[in-house]
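> Dumping the structure here so I can ask a few things about it.
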Amino acid sequence: MDSRQLKAFVAVFEERNITVASRRLHLSQPALSGTIKSLEDLLGTQLFTRQARGVAVTEDARILYPQAHRILSQTDSMTQQFRHGSQGSRIEIGVGADIAGQDIAAFMHAARQVVPALFVSLLEGCDGDARLATEDERCEDELFLPLSVDPYVLAVPAGSDTGAALPWIVCPGHPTHQRLLPFYGAAASMPAAHAGSLRLALELAAAGAGMCVAPESLARSLAGVEIRPLDGLEMSRRVGLCYAVQSLDKPAVGMLVEHFRERAVPA
């Protein structure tokens with residue numbers, strides 16, 4: 001399979017007409033039809049069916065189209081990079097408030113292996129071509145690609161008496177809050193403090209305000225807290241890459257998604 005075949009396929013798929021697609025590619029209709037036939041023979045499937053006016057696409061063609069579009073975009077990006085002496089691809093990655101440094105480091109390490117000349121701009125919050133975030137933070141128009149699983153633990157101030165009953169620090173605005181209410185019990189009605197994020201809850205715990213439930217990756221990165229198991233509760237979060245389909249048009253994003261999809265953690 002080569003770029004010539006993929007360009008022919010994309011043109012016919014988008015135009016739904018051999019004549020119009022041949023004009024777009026500056027090819028004769030027989031040459032374009034032959035190229036499509038060679039691609040179908042290579043794949044062992046029919047991609048188009050002729051109609052009175054134009055062609056109809058098959059289900060296999062619908063599956064192939066986004067992959068072909070992504071490959072051609074990546075090829076074009078590489079061509080432009082060397083033709084114009086570019087120093088590398090650029091992407092912007094948003095980072096959620098509760099993403100641990102170890103997850104950012106793991107992403108950056110893998111990203112530079114996949115796209116060696118990659119220039120990354122890390123942004124806070126929901127901006128960027130894609131986002132490092134938890135599955136709970138995925139927007140409606142985004143896909144989620146899991147990269148790691150992070151268990152929740154109990155975080156208490158360092159040096160706390162193991163037998164002492166500490167008040168709770170809770171995060172009412174966090175997606176986990178409702179799930180944790182049964183675990184908190186009656187003590188949830190009189191918390192020691194409210195926090196706007198799990199990271200801030202840990203800061204309060206480190207300051208001695210009380211105890212909180214937080215992801216292990218975050219808790220281990222903060223001095224001043226000790227980690228204990230959550231007796232009677234098993235809960236974890238999935239950290240991954242949130243991205244919109246249209247962001248795959250950016251070759252670096254497409255390459256990263258393809259790489260991470262092959263190594264995605266199980267559901």
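As shown in the structure tokens, the chain order sets the letters A, B, ...; within each chain, residues go from 1, and ligands are also counted from 1 in the order they appear.
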Excluding stretch 145-154 of chain A and residues on its chain fewer than 3 positions from it, collect all residues at most 9 Å away from it, counting only C-alpha atoms, and give them as a ChimeraX atom specification.
/A:103,107,134-135,211-217,219,226-231,234-243,257,260-261,263-267
> Check the DSSP output for the backbone and give back, as JSON, numbers by chain, the residues of stretch 11-260 of chain A in strand (DSSP E or B).
{"A": [48, 49, 50, 55, 56, 57, 90, 91, 92, 93, 94, 95, 119, 120, 121, 122, 123, 124, 130, 131, 132, 133, 134, 143, 144, 145, 146, 147, 148, 149, 150, 151, 152, 153, 154, 155, 156, 157, 168, 169, 170, 193, 194, 211, 212, 213, 214, 215, 225, 226, 227, 228, 236, 237, 238, 239, 240, 241, 242, 243]}
> Which one of A:Arg23, A:Arg90, A:Arg16, A:Arg220 sits closest to A:Ala61 if you count only C-alpha atoms?
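Counting only C-alpha atoms, the residue closest to A:Ala61 is A:Arg16.
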> Can you pull out every residue within 10 Å of A:Arg131, counting only C-alpha atoms, but drop anything in the same chain fewer than 6 positions away, and send it as a PyMOL selection string?
chain A and resi 92-96+122-125+137-138+142+144+240-244
> Would you export the selected residues with N, CA, C and O atoms as an mmCIF file, in the first residue's frame, please?

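So the final result, stored in part-v1.cif, reads:
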```
data_model
loop_
_atom_site.group_PDB
_atom_site.id
_atom_site.type_symbol
_atom_site.label_atom_id
_atom_site.label_comp_id
_atom_site.auth_asym_id
_atom_site.auth_seq_id
_atom_site.Cartn_x
_atom_site.Cartn_y
_atom_site.Cartn_z
ATOM 1 N N GLU A 92 0.404 20.959 21.768
ATOM 2 C CA GLU A 92 0.074 21.506 23.077
ATOM 3 C C GLU A 92 -0.729 20.465 23.843
ATOM 4 O O GLU A 92 -1.702 19.916 23.321
ATOM 5 N N ILE A 93 -0.301 20.187 25.070
ATOM 6 C CA ILE A 93 -0.961 19.184 25.904
ATOM 7 C C ILE A 93 -1.478 19.843 27.178
ATOM 8 O O ILE A 93 -0.705 20.425 27.953
ATOM 9 N N GLY A 94 -2.789 19.787 27.383
ATOM 10 C CA GLY A 94 -3.356 20.279 28.628
ATOM 11 C C GLY A 94 -3.161 19.252 29.731
ATOM 12 O O GLY A 94 -3.180 18.046 29.468
ATOM 13 N N VAL A 95 -2.961 19.706 30.945
ATOM 14 C CA VAL A 95 -2.729 18.796 32.076
ATOM 15 C C VAL A 95 -3.750 19.103 33.170
ATOM 16 O O VAL A 95 -3.873 20.254 33.617
ATOM 17 N N GLY A 96 -4.494 18.096 33.584
ATOM 18 C CA GLY A 96 -5.488 18.254 34.635
ATOM 19 C C GLY A 96 -4.844 18.604 35.963
ATOM 20 O O GLY A 96 -3.678 18.280 36.222
ATOM 21 N N LEU A 122 3.206 22.367 27.585
ATOM 22 C CA LEU A 122 2.273 21.890 28.612
ATOM 23 C C LEU A 122 1.443 23.064 29.113
ATOM 24 O O LEU A 122 1.987 24.108 29.482
ATOM 25 N N LEU A 123 0.142 22.874 29.111
ATOM 26 C CA LEU A 123 -0.784 23.915 29.541
ATOM 27 C C LEU A 123 -1.615 23.402 30.708
ATOM 28 O O LEU A 123 -1.826 22.194 30.851
ATOM 29 N N GLU A 124 -2.088 24.306 31.534
ATOM 30 C CA GLU A 124 -2.952 23.911 32.642
ATOM 31 C C GLU A 124 -4.402 23.859 32.179
ATOM 32 O O GLU A 124 -4.857 24.700 31.415
ATOM 33 N N GLY A 125 -5.106 22.838 32.636
ATOM 34 C CA GLY A 125 -6.539 22.781 32.379
ATOM 35 C C GLY A 125 -6.928 22.112 31.081
ATOM 36 O O GLY A 125 -6.281 21.177 30.624
ATOM 37 N N GLU A 137 -12.888 13.174 33.767
ATOM 38 C CA GLU A 137 -12.795 14.544 33.266
ATOM 39 C C GLU A 137 -12.930 14.638 31.754
ATOM 40 O O GLU A 137 -12.770 15.709 31.181
ATOM 41 N N ARG A 138 -13.236 13.520 31.098
ATOM 42 C CA ARG A 138 -13.382 13.529 29.645
ATOM 43 C C ARG A 138 -14.605 14.339 29.244
ATOM 44 O O ARG A 138 -15.691 14.188 29.806
ATOM 45 N N GLU A 142 -14.965 14.160 23.357
ATOM 46 C CA GLU A 142 -13.608 13.609 23.382
ATOM 47 C C GLU A 142 -13.612 12.093 23.485
ATOM 48 O O GLU A 142 -14.539 11.487 24.037
ATOM 49 N N PHE A 144 -11.241 8.843 25.002
ATOM 50 C CA PHE A 144 -10.322 8.659 26.124
ATOM 51 C C PHE A 144 -9.469 7.433 25.875
ATOM 52 O O PHE A 144 -9.977 6.350 25.575
ATOM 53 N N GLY A 240 -5.293 9.103 31.502
ATOM 54 C CA GLY A 240 -5.032 8.867 30.090
ATOM 55 C C GLY A 240 -5.062 10.127 29.256
ATOM 56 O O GLY A 240 -4.998 11.247 29.771
ATOM 57 N N LEU A 241 -5.173 9.915 27.959
ATOM 58 C CA LEU A 241 -5.151 11.009 26.988
ATOM 59 C C LEU A 241 -6.569 11.254 26.488
ATOM 60 O O LEU A 241 -7.219 10.343 25.971
ATOM 61 N N CYS A 242 -7.056 12.478 26.685
ATOM 62 C CA CYS A 242 -8.350 12.898 26.153
ATOM 63 C C CYS A 242 -8.096 13.677 24.862
ATOM 64 O O CYS A 242 -7.253 14.570 24.842
ATOM 65 N N TYR A 243 -8.831 13.334 23.799
ATOM 66 C CA TYR A 243 -8.603 14.029 22.529
ATOM 67 C C TYR A 243 -9.870 13.990 21.678
ATOM 68 O O TYR A 243 -10.680 13.067 21.778
ATOM 69 N N ALA A 244 -10.045 15.012 20.876
ATOM 70 C CA ALA A 244 -11.152 15.066 19.919
ATOM 71 C C ALA A 244 -10.709 14.423 18.610
ATOM 72 O O ALA A 244 -9.512 14.417 18.279
#
```
> To one decimal place, how far is atom CA of A:Gly101 from atom CA of A:Leu218 in Å?
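Spanning atom CA of A:Gly101 to atom CA of A:Leu218 is a straight-line distance of 8.0 Å.
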> If we count only C-alpha atoms and set the cut-off at 8 Å, which residues sit around A:Ser73, ignoring sequence neighbours fewer than 4 positions away in its own chain? Please answer as a ChimeraX atom specification.
/A:69,77,249-251
